[in-house]
$ cat coords_27.txt   # compact mmCIF, C-alpha atoms (C1' of nucleotides)
# COMPACT_ATOMS: atom_id res chain seq x y z
CA MET A 54 70.71 52.49 -24.26
CA SER A 55 71.80 49.48 -26.25
CA PRO A 56 75.30 49.49 -27.65
CA GLN A 57 75.37 50.81 -31.15
CA ARG A 58 77.98 50.54 -33.85
CA ALA A 59 79.23 53.86 -35.10
CA THR A 60 77.94 54.61 -38.54
CA THR A 61 78.70 57.19 -41.16
CA GLY A 62 75.22 58.46 -41.63
CA LEU A 63 74.61 56.54 -44.81
CA VAL A 64 71.53 54.61 -43.99
CA GLN A 65 68.49 56.78 -43.90
CA THR A 66 65.10 55.40 -44.71
CA HIS A 67 63.69 58.55 -46.23
CA ALA A 68 65.86 61.04 -47.97
CA ALA A 69 63.00 63.43 -47.59
CA ARG A 70 63.65 63.56 -43.88
CA SER A 71 67.01 65.18 -44.31
CA LEU A 72 66.21 67.17 -47.37
CA ALA A 73 62.79 68.38 -46.50
CA ASP A 74 63.03 69.21 -42.87
CA GLY A 75 62.64 72.84 -43.61
CA ARG A 76 65.94 73.84 -42.13
CA PRO A 77 68.01 76.18 -44.20
CA ALA A 78 71.16 74.84 -45.79
CA GLY A 79 74.14 74.90 -43.53
CA ALA A 80 72.14 74.54 -40.35
CA ARG A 81 73.22 70.91 -40.24
CA GLY A 82 76.72 69.97 -41.32
CA GLY A 83 77.56 73.61 -41.10
CA GLY A 84 80.64 74.64 -43.00
CA ASN A 85 82.63 71.53 -42.08
CA LEU A 86 83.69 69.11 -44.73
CA LEU A 87 83.04 65.81 -43.00
CA PHE A 88 81.13 64.67 -46.05
CA LEU A 89 84.36 64.81 -48.04
CA THR A 90 86.38 62.26 -46.11
CA ASP A 91 87.96 59.43 -48.07
CA GLN A 92 85.50 57.11 -46.46
CA GLN A 93 82.50 59.13 -47.57
CA LEU A 94 83.88 59.32 -51.07
CA ARG A 95 84.56 55.61 -51.21
CA GLN A 96 80.98 54.99 -50.12
CA GLY A 97 79.82 57.01 -53.07
CA VAL A 98 81.90 54.93 -55.45
CA GLU A 99 80.71 51.66 -53.95
CA LEU A 100 77.09 52.71 -54.02
CA MET A 101 77.46 53.49 -57.70
CA PHE A 102 78.81 49.99 -58.20
CA PHE A 103 75.96 48.20 -56.46
CA ALA A 104 73.19 50.41 -57.81
CA TYR A 105 74.45 50.16 -61.38
CA ARG A 106 74.83 46.42 -61.11
CA ASP A 107 71.24 45.89 -60.04
CA MET A 108 69.88 48.42 -62.53
CA VAL A 109 71.39 46.76 -65.58
CA ALA A 110 70.32 43.38 -64.28
CA ASP A 111 66.69 44.37 -64.92
CA ALA A 112 67.36 44.77 -68.63
CA ASP A 113 69.68 41.77 -68.80
CA ARG A 114 66.85 39.45 -67.91
CA LEU A 115 64.77 40.66 -70.85
CA LEU A 116 67.72 40.49 -73.21
CA GLU A 117 68.80 36.95 -72.51
CA ASP A 118 65.42 35.65 -73.62
CA ARG A 119 66.34 36.72 -77.14
CA GLY A 120 69.99 35.78 -76.84
CA TYR A 121 71.16 39.37 -76.76
CA GLY A 122 73.66 41.06 -74.48
CA ARG A 123 74.37 44.54 -73.25
CA ALA A 124 76.07 45.46 -76.49
CA HIS A 125 72.75 44.93 -78.28
CA HIS A 126 70.95 46.95 -75.63
CA ARG A 127 73.26 49.95 -75.98
CA CYS A 128 72.98 49.80 -79.73
CA LEU A 129 69.19 49.66 -79.69
CA HIS A 130 68.97 52.34 -77.06
CA PHE A 131 70.97 54.98 -78.87
CA VAL A 132 69.34 54.30 -82.20
CA TRP A 133 66.09 54.85 -80.32
CA ARG A 134 67.35 58.12 -78.87
CA ARG A 135 68.84 59.31 -82.15
CA PRO A 136 66.61 58.07 -84.97
CA GLY A 137 68.33 58.21 -88.34
CA ILE A 138 71.80 58.30 -86.83
CA PRO A 139 74.59 57.22 -89.20
CA VAL A 140 76.90 54.39 -88.22
CA THR A 141 79.73 56.82 -87.52
CA GLY A 142 77.58 58.72 -85.08
CA LEU A 143 76.74 55.56 -83.22
CA LEU A 144 80.42 54.61 -83.13
CA GLU A 145 81.24 57.91 -81.47
CA ILE A 146 78.57 57.54 -78.82
CA LEU A 147 79.43 53.95 -78.01
CA GLY A 148 83.18 54.34 -78.18
CA VAL A 149 83.87 50.93 -79.68
CA THR A 150 85.49 49.84 -82.93
CA LYS A 151 83.41 49.54 -86.05
CA GLN A 152 84.19 45.83 -86.20
CA SER A 153 82.77 45.36 -82.76
CA LEU A 154 79.70 47.45 -83.48
CA ASN A 155 79.16 45.86 -86.85
CA ARG A 156 78.89 42.43 -85.32
CA VAL A 157 75.90 43.28 -83.16
CA LEU A 158 74.46 45.75 -85.66
CA ARG A 159 74.40 43.13 -88.41
CA GLN A 160 72.57 40.80 -86.08
CA LEU A 161 69.99 43.40 -85.16
CA VAL A 162 69.39 44.30 -88.81
CA GLU A 163 69.10 40.63 -89.79
CA ASP A 164 66.69 40.05 -86.92
CA GLY A 165 64.55 42.94 -88.13
CA LEU A 166 64.95 45.20 -85.10
CA ILE A 167 66.98 47.88 -86.83
CA ARG A 168 66.48 49.29 -90.31
CA SER A 169 69.53 50.52 -92.24
CA GLU A 170 68.91 52.90 -95.12
CA VAL A 171 71.16 54.71 -97.54
CA GLY A 172 71.55 58.37 -96.60
CA PRO A 173 69.68 60.73 -98.94
CA ARG A 174 72.30 63.46 -98.93
CA ASP A 175 75.42 61.33 -98.48
CA ARG A 176 74.83 58.01 -100.13
CA ARG A 177 77.82 56.45 -98.38
CA GLN A 178 76.07 56.70 -95.06
CA ARG A 179 73.72 54.12 -93.63
CA LEU A 180 71.09 55.79 -91.48
CA LEU A 181 69.79 53.64 -88.65
CA ASP A 182 66.24 53.41 -87.32
CA LEU A 183 64.26 51.08 -85.17
CA THR A 184 61.63 48.90 -86.74
CA GLU A 185 58.37 48.46 -84.90
CA GLU A 186 59.69 45.28 -83.37
CA GLY A 187 62.86 47.07 -82.34
CA GLU A 188 60.90 49.83 -80.70
CA THR A 189 58.77 47.32 -78.85
CA LEU A 190 61.86 45.70 -77.36
CA VAL A 191 63.63 48.92 -76.48
CA ARG A 192 60.53 50.25 -74.78
CA ALA A 193 60.25 47.09 -72.73
CA LEU A 194 63.89 47.41 -71.72
CA SER A 195 63.42 51.03 -70.75
CA ALA A 196 60.26 50.25 -68.82
CA ALA A 197 62.03 47.58 -66.80
CA GLN A 198 64.67 50.02 -65.65
CA ASN A 199 62.24 52.89 -65.22
CA GLU A 200 60.21 50.86 -62.79
CA ARG A 201 63.15 50.66 -60.40
CA MET A 202 63.81 54.38 -60.82
CA ARG A 203 60.19 55.28 -60.25
CA ARG A 204 59.98 53.48 -56.95
CA VAL A 205 63.13 55.11 -55.65
CA PHE A 206 62.34 58.57 -56.99
CA LEU A 207 58.92 58.49 -55.45
CA GLU A 208 60.35 57.61 -52.06
CA ALA A 209 63.10 60.18 -52.26
CA GLY A 210 61.05 63.10 -53.51
CA PRO A 211 61.72 65.74 -56.16
CA GLU A 212 64.48 67.63 -54.36
CA ALA A 213 66.48 64.48 -53.75
CA VAL A 214 65.99 63.47 -57.38
CA GLN A 215 67.28 66.80 -58.55
CA ALA A 216 70.34 66.45 -56.33
CA PHE A 217 70.87 62.90 -57.54
CA LYS A 218 70.87 64.00 -61.16
CA THR A 219 73.10 66.97 -60.57
CA VAL A 220 75.73 64.87 -58.85
CA LEU A 221 75.64 62.27 -61.63
CA ALA A 222 75.93 64.93 -64.30
CA GLY A 223 78.93 66.33 -62.48
CA MET A 224 80.63 62.96 -62.60
CA ILE A 225 80.63 62.85 -66.37
CA ASP A 226 83.92 63.85 -68.01
CA GLU A 227 83.88 67.54 -68.71
CA GLY A 228 84.82 66.91 -72.31
CA SER A 229 81.81 64.75 -73.05
CA ARG A 230 79.34 66.23 -70.57
CA ASP A 231 77.63 68.65 -72.92
CA ARG A 232 77.12 66.02 -75.56
CA ALA A 233 75.81 63.55 -73.00
CA LEU A 234 73.43 66.07 -71.45
CA ALA A 235 72.15 67.12 -74.86
CA LEU A 236 71.41 63.49 -75.65
CA ILE A 237 69.63 63.06 -72.36
CA GLU A 238 67.64 66.26 -72.58
CA ASP A 239 66.03 65.38 -75.87
CA GLN A 240 62.34 64.74 -75.67
CA GLY A 241 61.26 61.19 -76.21
CA MET B 62 64.39 87.21 -75.85
CA SER B 63 66.29 84.64 -77.85
CA PRO B 64 64.48 81.46 -78.75
CA GLN B 65 65.17 78.72 -76.27
CA ARG B 66 64.73 75.02 -76.53
CA ALA B 67 62.48 73.55 -73.91
CA THR B 68 64.42 71.58 -71.34
CA THR B 69 63.52 69.27 -68.55
CA GLY B 70 65.30 71.04 -65.80
CA LEU B 71 68.23 68.69 -65.75
CA VAL B 72 71.09 71.07 -66.20
CA GLN B 73 71.75 73.05 -63.09
CA THR B 74 75.17 74.39 -62.35
CA HIS B 75 74.89 74.17 -58.61
CA ALA B 76 72.69 71.66 -56.92
CA ALA B 77 73.09 73.72 -53.82
CA ARG B 78 70.91 76.35 -55.38
CA SER B 79 67.86 74.15 -55.38
CA LEU B 80 68.62 72.24 -52.25
CA ALA B 81 69.89 74.92 -50.02
CA ASP B 82 67.61 77.78 -50.80
CA GLY B 83 66.07 77.56 -47.40
CA ARG B 84 62.60 76.84 -48.61
CA PRO B 85 60.80 74.00 -46.90
CA ALA B 86 60.18 70.85 -48.87
CA GLY B 87 57.13 70.94 -51.05
CA ALA B 88 57.26 74.68 -51.55
CA ARG B 89 58.58 74.00 -55.01
CA GLY B 90 57.34 71.06 -57.02
CA GLY B 91 54.47 70.90 -54.61
CA GLY B 92 52.58 67.66 -54.64
CA ASN B 93 52.76 67.15 -58.39
CA LEU B 94 54.61 64.22 -59.82
CA LEU B 95 56.24 65.76 -62.86
CA PHE B 96 59.57 64.36 -61.70
CA LEU B 97 58.21 60.86 -62.22
CA THR B 98 57.51 61.04 -65.95
CA ASP B 99 59.01 58.34 -68.15
CA GLN B 100 61.33 60.92 -69.56
CA GLN B 101 62.63 61.96 -66.16
CA LEU B 102 63.14 58.34 -65.21
CA ARG B 103 64.95 57.57 -68.44
CA GLN B 104 67.24 60.50 -67.77
CA GLY B 105 68.12 58.99 -64.43
CA VAL B 106 69.02 55.70 -66.07
CA GLU B 107 71.11 57.36 -68.76
CA LEU B 108 72.94 59.55 -66.27
CA MET B 109 73.85 56.44 -64.33
CA PHE B 110 75.26 54.98 -67.52
CA PHE B 111 77.46 57.94 -68.39
CA ALA B 112 78.60 58.67 -64.85
CA TYR B 113 79.48 55.06 -64.17
CA ARG B 114 81.34 54.78 -67.46
CA ASP B 115 83.58 57.74 -66.71
CA MET B 116 84.08 56.75 -63.09
CA VAL B 117 85.41 53.28 -63.84
CA ALA B 118 87.57 54.74 -66.62
CA ASP B 119 89.70 56.45 -63.97
CA ALA B 120 90.66 53.12 -62.46
CA ASP B 121 90.93 51.40 -65.83
CA ARG B 122 93.83 53.59 -66.80
CA LEU B 123 95.81 52.55 -63.73
CA LEU B 124 94.96 48.91 -64.24
CA GLU B 125 95.99 48.56 -67.84
CA ASP B 126 99.54 49.57 -66.97
CA ARG B 127 99.85 46.29 -65.09
CA GLY B 128 97.79 44.29 -67.56
CA TYR B 129 94.85 43.96 -65.23
CA GLY B 130 91.16 44.48 -65.87
CA ARG B 131 88.08 45.30 -63.87
CA ALA B 132 87.84 41.76 -62.59
CA HIS B 133 91.17 42.24 -60.85
CA HIS B 134 90.01 45.58 -59.50
CA ARG B 135 86.84 44.16 -57.95
CA CYS B 136 88.77 41.29 -56.46
CA LEU B 137 91.41 43.54 -54.90
CA HIS B 138 88.80 45.99 -53.71
CA PHE B 139 86.69 43.56 -51.76
CA VAL B 140 89.67 41.80 -50.25
CA TRP B 141 90.71 45.25 -49.13
CA ARG B 142 87.29 45.93 -47.62
CA ARG B 143 87.06 42.51 -46.02
CA PRO B 144 90.52 41.45 -44.91
CA GLY B 145 90.76 37.74 -44.21
CA ILE B 146 87.71 36.91 -46.28
CA PRO B 147 87.51 33.29 -47.42
CA VAL B 148 87.18 32.50 -51.12
CA THR B 149 83.52 31.60 -50.70
CA GLY B 150 82.78 34.98 -49.18
CA LEU B 151 84.38 36.71 -52.09
CA LEU B 152 82.41 34.56 -54.52
CA GLU B 153 79.18 35.66 -52.87
CA ILE B 154 80.03 39.34 -53.06
CA LEU B 155 81.22 39.22 -56.64
CA GLY B 156 78.52 36.92 -57.92
CA VAL B 157 80.74 35.02 -60.33
CA THR B 158 81.70 31.38 -60.60
CA LYS B 159 84.68 30.06 -58.75
CA GLN B 160 86.36 29.18 -62.02
CA SER B 161 86.06 32.75 -63.16
CA LEU B 162 87.26 34.14 -59.84
CA ASN B 163 90.07 31.65 -59.58
CA ARG B 164 91.56 32.79 -62.85
CA VAL B 165 92.16 36.34 -61.67
CA LEU B 166 92.77 35.35 -58.05
CA ARG B 167 95.56 32.98 -59.03
CA GLN B 168 97.17 35.76 -61.02
CA LEU B 169 96.97 38.21 -58.12
CA VAL B 170 98.45 35.70 -55.69
CA GLU B 171 101.24 34.81 -58.13
CA ASP B 172 101.96 38.49 -58.68
CA GLY B 173 102.23 38.99 -54.93
CA LEU B 174 99.28 41.36 -54.50
CA ILE B 175 97.09 38.98 -52.54
CA ARG B 176 98.14 36.57 -49.83
CA SER B 177 96.21 33.32 -49.40
CA GLU B 178 96.52 31.53 -46.08
CA VAL B 179 95.02 28.39 -44.65
CA GLY B 180 92.22 29.20 -42.25
CA PRO B 181 93.16 28.63 -38.60
CA ARG B 182 89.77 27.29 -37.51
CA ASP B 183 88.73 25.63 -40.75
CA ARG B 184 91.78 24.42 -42.57
CA ARG B 185 89.84 23.93 -45.79
CA GLN B 186 89.41 27.65 -46.15
CA ARG B 187 91.87 29.99 -47.80
CA LEU B 188 91.72 33.39 -46.14
CA LEU B 189 92.62 36.29 -48.42
CA ASP B 190 94.55 39.43 -47.57
CA LEU B 191 96.31 42.16 -49.43
CA THR B 192 100.08 42.27 -49.39
CA GLU B 193 101.73 45.65 -49.03
CA GLU B 194 102.03 45.88 -52.78
CA GLY B 195 98.37 44.98 -53.17
CA GLU B 196 97.35 47.64 -50.72
CA THR B 197 99.44 50.21 -52.55
CA LEU B 198 97.66 49.45 -55.80
CA VAL B 199 94.17 49.35 -54.34
CA ARG B 200 94.72 52.65 -52.58
CA ALA B 201 95.87 54.23 -55.82
CA LEU B 202 92.78 52.90 -57.56
CA SER B 203 90.53 54.21 -54.83
CA ALA B 204 92.25 57.58 -54.83
CA ALA B 205 91.75 57.96 -58.57
CA GLN B 206 88.02 57.48 -58.23
CA ASN B 207 87.75 59.48 -55.04
CA GLU B 208 89.23 62.48 -56.74
CA ARG B 209 86.33 62.62 -59.15
CA MET B 210 83.85 62.16 -56.32
CA ARG B 211 85.47 64.82 -54.20
CA ARG B 212 85.21 67.48 -56.86
CA VAL B 213 81.55 66.73 -57.48
CA PHE B 214 80.63 66.35 -53.82
CA LEU B 215 82.27 69.65 -52.99
CA GLU B 216 80.31 71.43 -55.69
CA ALA B 217 77.04 69.80 -54.76
CA GLY B 218 77.23 70.22 -51.02
CA PRO B 219 76.39 67.89 -48.13
CA GLU B 220 72.62 67.84 -48.55
CA ALA B 221 72.90 66.91 -52.22
CA VAL B 222 75.44 64.22 -51.37
CA GLN B 223 73.12 62.75 -48.79
CA ALA B 224 70.31 62.68 -51.33
CA PHE B 225 72.58 61.14 -53.93
CA LYS B 226 73.54 58.34 -51.60
CA THR B 227 70.01 57.70 -50.44
CA VAL B 228 68.75 57.35 -54.00
CA LEU B 229 71.59 55.00 -54.94
CA ALA B 230 71.00 52.88 -51.85
CA GLY B 231 67.34 52.65 -52.80
CA MET B 232 68.27 51.30 -56.21
CA ILE B 233 70.02 48.28 -54.77
CA ASP B 234 67.97 45.08 -54.77
CA GLU B 235 66.09 44.81 -51.53
CA GLY B 236 67.45 41.32 -50.99
CA SER B 237 71.07 42.39 -51.08
CA ARG B 238 70.73 45.94 -49.81
CA ASP B 239 71.46 45.26 -46.16
CA ARG B 240 74.56 43.27 -46.96
CA ALA B 241 75.78 45.93 -49.38
CA LEU B 242 75.17 48.75 -46.93
CA ALA B 243 76.91 46.87 -44.15
CA LEU B 244 79.92 46.43 -46.38
CA ILE B 245 79.91 50.08 -47.27
CA GLU B 246 79.44 51.33 -43.74
CA ASP B 247 82.52 49.60 -42.40
CA GLN B 248 85.26 51.91 -41.38
CA GLY B 249 88.40 51.88 -43.48
C1' DT C 192 91.43 62.34 -111.66
C1' DT C 193 93.00 61.49 -107.29
C1' DT C 194 92.24 61.44 -102.57
C1' DT C 195 89.53 60.94 -98.67
C1' DA C 196 85.52 59.34 -96.00
C1' DA C 197 81.85 55.92 -94.68
C1' DT C 198 80.96 51.43 -94.44
C1' DG C 199 81.38 46.34 -94.40
C1' DT C 200 83.97 42.19 -93.73
C1' DC C 201 87.56 38.56 -92.83
C1' DA C 202 90.89 36.71 -89.60
C1' DA C 203 93.01 36.33 -85.28
C1' DC C 204 93.34 37.30 -80.59
C1' DA C 205 92.25 38.49 -75.42
C1' DA C 206 89.51 39.28 -71.29
C1' DG C 207 86.28 37.55 -68.57
C1' DG C 208 82.01 35.51 -68.13
C1' DC C 209 79.80 30.53 -68.26
C1' DT C 210 79.06 25.02 -67.66
C1' DG C 211 80.59 20.44 -66.66
C1' DA C 212 83.65 17.25 -64.73
C1' DC C 213 87.02 15.77 -61.61
C1' DG C 214 90.24 15.64 -57.47
C1' DT C 215 91.77 16.55 -52.75
C1' DA C 216 91.63 17.78 -48.08
C1' DA C 217 89.14 18.54 -44.10
C1' DA C 218 85.05 19.17 -41.53
C1' DA C 219 80.53 17.41 -40.25
C1' DT C 220 77.32 13.84 -39.81
C1' DT C 221 75.69 9.37 -39.18
C1' DA D 44 84.72 4.55 -38.00
C1' DA D 45 82.62 5.27 -42.21
C1' DT D 46 80.22 8.35 -45.02
C1' DT D 47 78.79 12.66 -46.71
C1' DT D 48 79.32 17.38 -47.31
C1' DT D 49 82.04 21.55 -47.81
C1' DA D 50 85.89 24.47 -49.53
C1' DC D 51 88.88 24.89 -52.85
C1' DG D 52 91.59 24.20 -57.16
C1' DT D 53 91.87 22.91 -61.93
C1' DC D 54 91.18 21.26 -66.77
C1' DA D 55 88.58 21.75 -70.97
C1' DG D 56 85.57 24.08 -73.83
C1' DC D 57 82.23 27.57 -75.12
C1' DC D 58 80.19 32.48 -75.52
C1' DT D 59 80.10 37.58 -75.76
C1' DT D 60 82.30 41.55 -76.59
C1' DG D 61 86.09 44.01 -76.92
C1' DT D 62 90.71 44.63 -79.67
C1' DT D 63 94.20 45.08 -84.31
C1' DG D 64 95.24 44.66 -88.96
C1' DA D 65 94.18 44.17 -93.68
C1' DC D 66 91.36 44.79 -97.54
C1' DA D 67 87.21 46.08 -100.72
C1' DT D 68 83.49 49.08 -102.16
C1' DT D 69 81.17 53.19 -102.90
C1' DA D 70 80.65 57.91 -103.09
C1' DA D 71 81.89 62.47 -101.81
C1' DA D 72 85.53 66.08 -101.97
C1' DA D 73 89.56 68.18 -103.60

$ encode --input "coords_27.txt" --output "structure tokens"
Amino acid sequence: MSPQRATTGLVQTHAARSLADGRPAGARGGGNLLFLTDQQLRQGVELMFFAYRDMVADADRLLEDRGYGRAHHRCLHFVWRRPGIPVTGLLEILGVTKQSLNRVLRQLVEDGLIRSEVGPRDRRQRLLDLTEEGETLVRALSAAQNERMRRVFLEAGPEAVQAFKTVLAGMIDEGSRDRALALIEDQG
Amino acid sequence: MSPQRATTGLVQTHAARSLADGRPAGARGGGNLLFLTDQQLRQGVELMFFAYRDMVADADRLLEDRGYGRAHHRCLHFVWRRPGIPVTGLLEILGVTKQSLNRVLRQLVEDGLIRSEVGPRDRRQRLLDLTEEGETLVRALSAAQNERMRRVFLEAGPEAVQAFKTVLAGMIDEGSRDRALALIEDQG
DNA sequence: TTTTAATGTCAACAAGGCTGACGTAAAATT
DNA sequence: AATTTTACGTCAGCCTTGTTGACATTAAAA
């Protein structure tokens, strides 16, 4: 037996091994709450940090070719998810000031990635849509991040993916969770 | 039967229900790969976005009282996790330039949250540690985020938490994964 | 007709990234 | 012993993306 450093059970090559071993829930870990120690919780926070960092980096590489940043990405993304959204709606989703949004939005409209049209019912509104070029870019951005997800999801298996999503959904502020989930649920 | 919008199976009140139902892996979902559609992957990405946003917001509130930002948080956090780390080590973890780090680091040292001492073996190095005041702050920041994690972890259960962590770990770049996991594994 | 709402825009500022250049002290190498 | 490399700090300037405050326009609502 070689000396081994004590670990906290984090590293596990295949999630499937622990999730899909056929044992009923509670057979391992029992009723104890060792998975709720400060250390375990901190690990969760830190993993979020590293995983998020590397995930956004995928898109960042595509964006910098065109001189865009994450602000442009978010803007494009939510116009993609909510075609015809008015500026106010986008402001609510993004949670930034209109001056801040307008700066990147103006750029994207000038560059021909986003189309801004007067609202038919309320002519004060500007309804936002992606142009073909805009959709091409946003799909490329999405594909870059999806590729990372796909690899991990495939390794982890459907049960682990479901658990992953449930935990993430639970982390969203209760006040905005429904809106966020509705946005996410929409078919694309 | 009231009309119901088709969903993608994202919303599920208790992850435990799907994970801990005692059925062996593969009994549900079988061998099909419906959980790997572009839509499912996109949902994963978007959930990361929303969950991360709300998680860091907890700490942001504590930071703004003292006029600090996320840069200060990251700096404090990793000095906490790696007591006695030299500036170069911190630069590697954070992935920023020394000019950028130095700006916040200088502030934290001046404010008495971080102590910088000449290295005993290599006197060129400055080894960084938290002062008592620094540790107080970093623990408060950690506690704020842990609280959110604890609530979600408790609801999801140990199997779901394990799956959550495994998926996140898989999302980290392969090149930096081992280093990140080693950092995370360390006892606090 | 007056008020309110949706949008755009100008100016000024701050945080926190970046590059480039330069200086100093100390370790490592020749 | 002399030279080179490393670790660190700092100055100056630029960029993105956030902020406030002020103001104008248009159109809907009261």

$ residues_around --input "coords_27.txt" --residues "B:Gln101" --least-positions-apart "2" --cutoff "12 Å" --atoms "all atoms listed in the file" --output "JSON, numbers by chain"
{"A": [195, 199, 200, 202, 203, 206, 207, 211, 214, 215, 217, 218, 237, 238, 239, 240, 241], "B": [68, 69, 70, 71, 94, 95, 96, 97, 98, 99, 103, 104, 105, 106, 107, 108]}

$ atom_distance --input "coords_27.txt" --atom1 "atom CA of B:Glu194" --atom2 "atom C1' of D:DG52"
24.5 Å

$ interface_residues --input "coords_27.txt" --of "chain D" --to "chain A" --cutoff "10 Å" --atoms "only C-alpha atoms (C1' of nucleotides)" --output "list in words"
DT59, DT60, DG61, DT62, DT69, DA70 and DA71 of chain D

$ closest_residue --input "coords_27.txt" --among "C:DT220, C:DT215, C:DT193, C:DT198" --to "chain A" --atoms "all atoms listed in the file"
C:DT198

$ atom_distance --input "coords_27.txt" --atom1 "atom CA of A:Arg179" --atom2 "atom C1' of C:DA197"
8.4 Å

$ atom_distance --input "coords_27.txt" --atom1 "atom CA of B:Gly128" --atom2 "atom CA of B:Pro144"
24.0 Å

$ closest_residue --input "coords_27.txt" --among "B:Leu137, B:Arg167, B:Arg182, B:Ser177" --to "chain C" --atoms "only C-alpha atoms (C1' of nucleotides)"
B:Arg182

$ interface_residues --input "coords_27.txt" --of "chain C" --to "chain B" --cutoff "9 Å" --atoms "all atoms listed in the file" --output "list in words"
DA206, DG207, DG208, DC209, DA216, DA217 and DA218 of chain C

$ write_last_selection --input "coords_27.txt" --atoms "C-alpha atoms (C1' of nucleotides)" --output "CSV table (one decimal), in the coordinates of the input"
chain,number,residue,atom,x,y,z
C,206,DA,C1',89.5,39.3,-71.3
C,207,DG,C1',86.3,37.6,-68.6
C,208,DG,C1',82.0,35.5,-68.1
C,209,DC,C1',79.8,30.5,-68.3
C,216,DA,C1',91.6,17.8,-48.1
C,217,DA,C1',89.1,18.5,-44.1
C,218,DA,C1',85.0,19.2,-41.5

$ closest_residue --input "coords_27.txt" --among "B:Leu198, B:Leu169, B:Ala243, B:Leu229" --to "chain A" --atoms "only C-alpha atoms"
B:Leu229

$ axis_aligned_box --input "coords_27.txt" --around "stretch 198-212 of chain C" --padding-each-side "5 Å" --output "JSON"
{"center_x": 86.2, "center_y": 34.3, "center_z": -79.6, "size_x": 24.3, "size_y": 44.2, "size_z": 39.7}

$ closest_residue --input "coords_27.txt" --among "D:DC54, D:DA73, D:DA45, D:DA65" --to "C:DT192" --atoms "all atoms listed in the file"
D:DA73

$ closest_residue --input "coords_27.txt" --among "A:Leu115, A:Met101, A:Leu181, A:Val140" --to "chain B" --atoms "only C-alpha atoms"
A:Met101

$ closest_residue --input "coords_27.txt" --among "B:His133, B:Glu178, B:Thr197, B:Arg142" --to "chain A" --atoms "all atoms listed in the file"
B:Arg142

$ residues_around --input "coords_27.txt" --residues "A:Leu147" --least-positions-apart "2" --cutoff "8 Å" --atoms "only C-alpha atoms (C1' of nucleotides)" --output "list in words"
Arg127, Cys128, Leu143, Leu144, Glu145 and Val149 of chain A

$ write_last_selection --input "coords_27.txt" --atoms "C-alpha atoms" --output "CSV table (one decimal), in the frame of the given file"
chain,number,residue,atom,x,y,z
A,127,ARG,CA,73.3,50.0,-76.0
A,128,CYS,CA,73.0,49.8,-79.7
A,143,LEU,CA,76.7,55.6,-83.2
A,144,LEU,CA,80.4,54.6,-83.1
A,145,GLU,CA,81.2,57.9,-81.5
A,149,VAL,CA,83.9,50.9,-79.7

$ residues_near_point --input "coords_27.txt" --point "(70.3, 47.3, -48.0)" --cutoff "12 Å" --atoms "only C-alpha atoms (C1' of nucleotides)" --output "number ranges by chain"
A: 63-66, 100, 103-104; B: 227-246

$ build_atoms --input "coords_27.txt" --residues "stretch 211-221 of chain B" --atoms "N, CA and C atoms" --output "short mmCIF file (atom, residue, chain, number, x, y, z; two decimals), in the frame of the given file"
data_model
loop_
_atom_site.label_atom_id
_atom_site.label_comp_id
_atom_site.auth_asym_id
_atom_site.auth_seq_id
_atom_site.Cartn_x
_atom_site.Cartn_y
_atom_site.Cartn_z
N ARG B 211 85.22 63.69 -55.07
CA ARG B 211 85.47 64.82 -54.20
C ARG B 211 85.08 66.13 -54.89
N ARG B 212 85.51 66.26 -56.12
CA ARG B 212 85.21 67.48 -56.86
C ARG B 212 83.70 67.69 -56.97
N VAL B 213 82.99 66.61 -57.30
CA VAL B 213 81.55 66.73 -57.48
C VAL B 213 80.83 66.95 -56.16
N PHE B 214 81.26 66.22 -55.13
CA PHE B 214 80.63 66.35 -53.82
C PHE B 214 80.79 67.78 -53.31
N LEU B 215 81.98 68.30 -53.48
CA LEU B 215 82.27 69.65 -52.99
C LEU B 215 81.36 70.67 -53.66
N GLU B 216 81.17 70.51 -54.95
CA GLU B 216 80.31 71.43 -55.69
C GLU B 216 78.85 71.29 -55.28
N ALA B 217 78.45 70.05 -55.02
CA ALA B 217 77.04 69.80 -54.76
C ALA B 217 76.64 70.14 -53.33
N GLY B 218 77.56 69.94 -52.41
CA GLY B 218 77.23 70.22 -51.02
C GLY B 218 76.67 69.02 -50.29
N PRO B 219 76.73 69.05 -48.95
CA PRO B 219 76.39 67.89 -48.13
C PRO B 219 74.96 67.39 -48.28
N GLU B 220 74.00 68.30 -48.42
CA GLU B 220 72.62 67.84 -48.55
C GLU B 220 72.44 67.06 -49.85
N ALA B 221 73.01 67.58 -50.93
CA ALA B 221 72.90 66.91 -52.22
C ALA B 221 73.59 65.55 -52.17
#
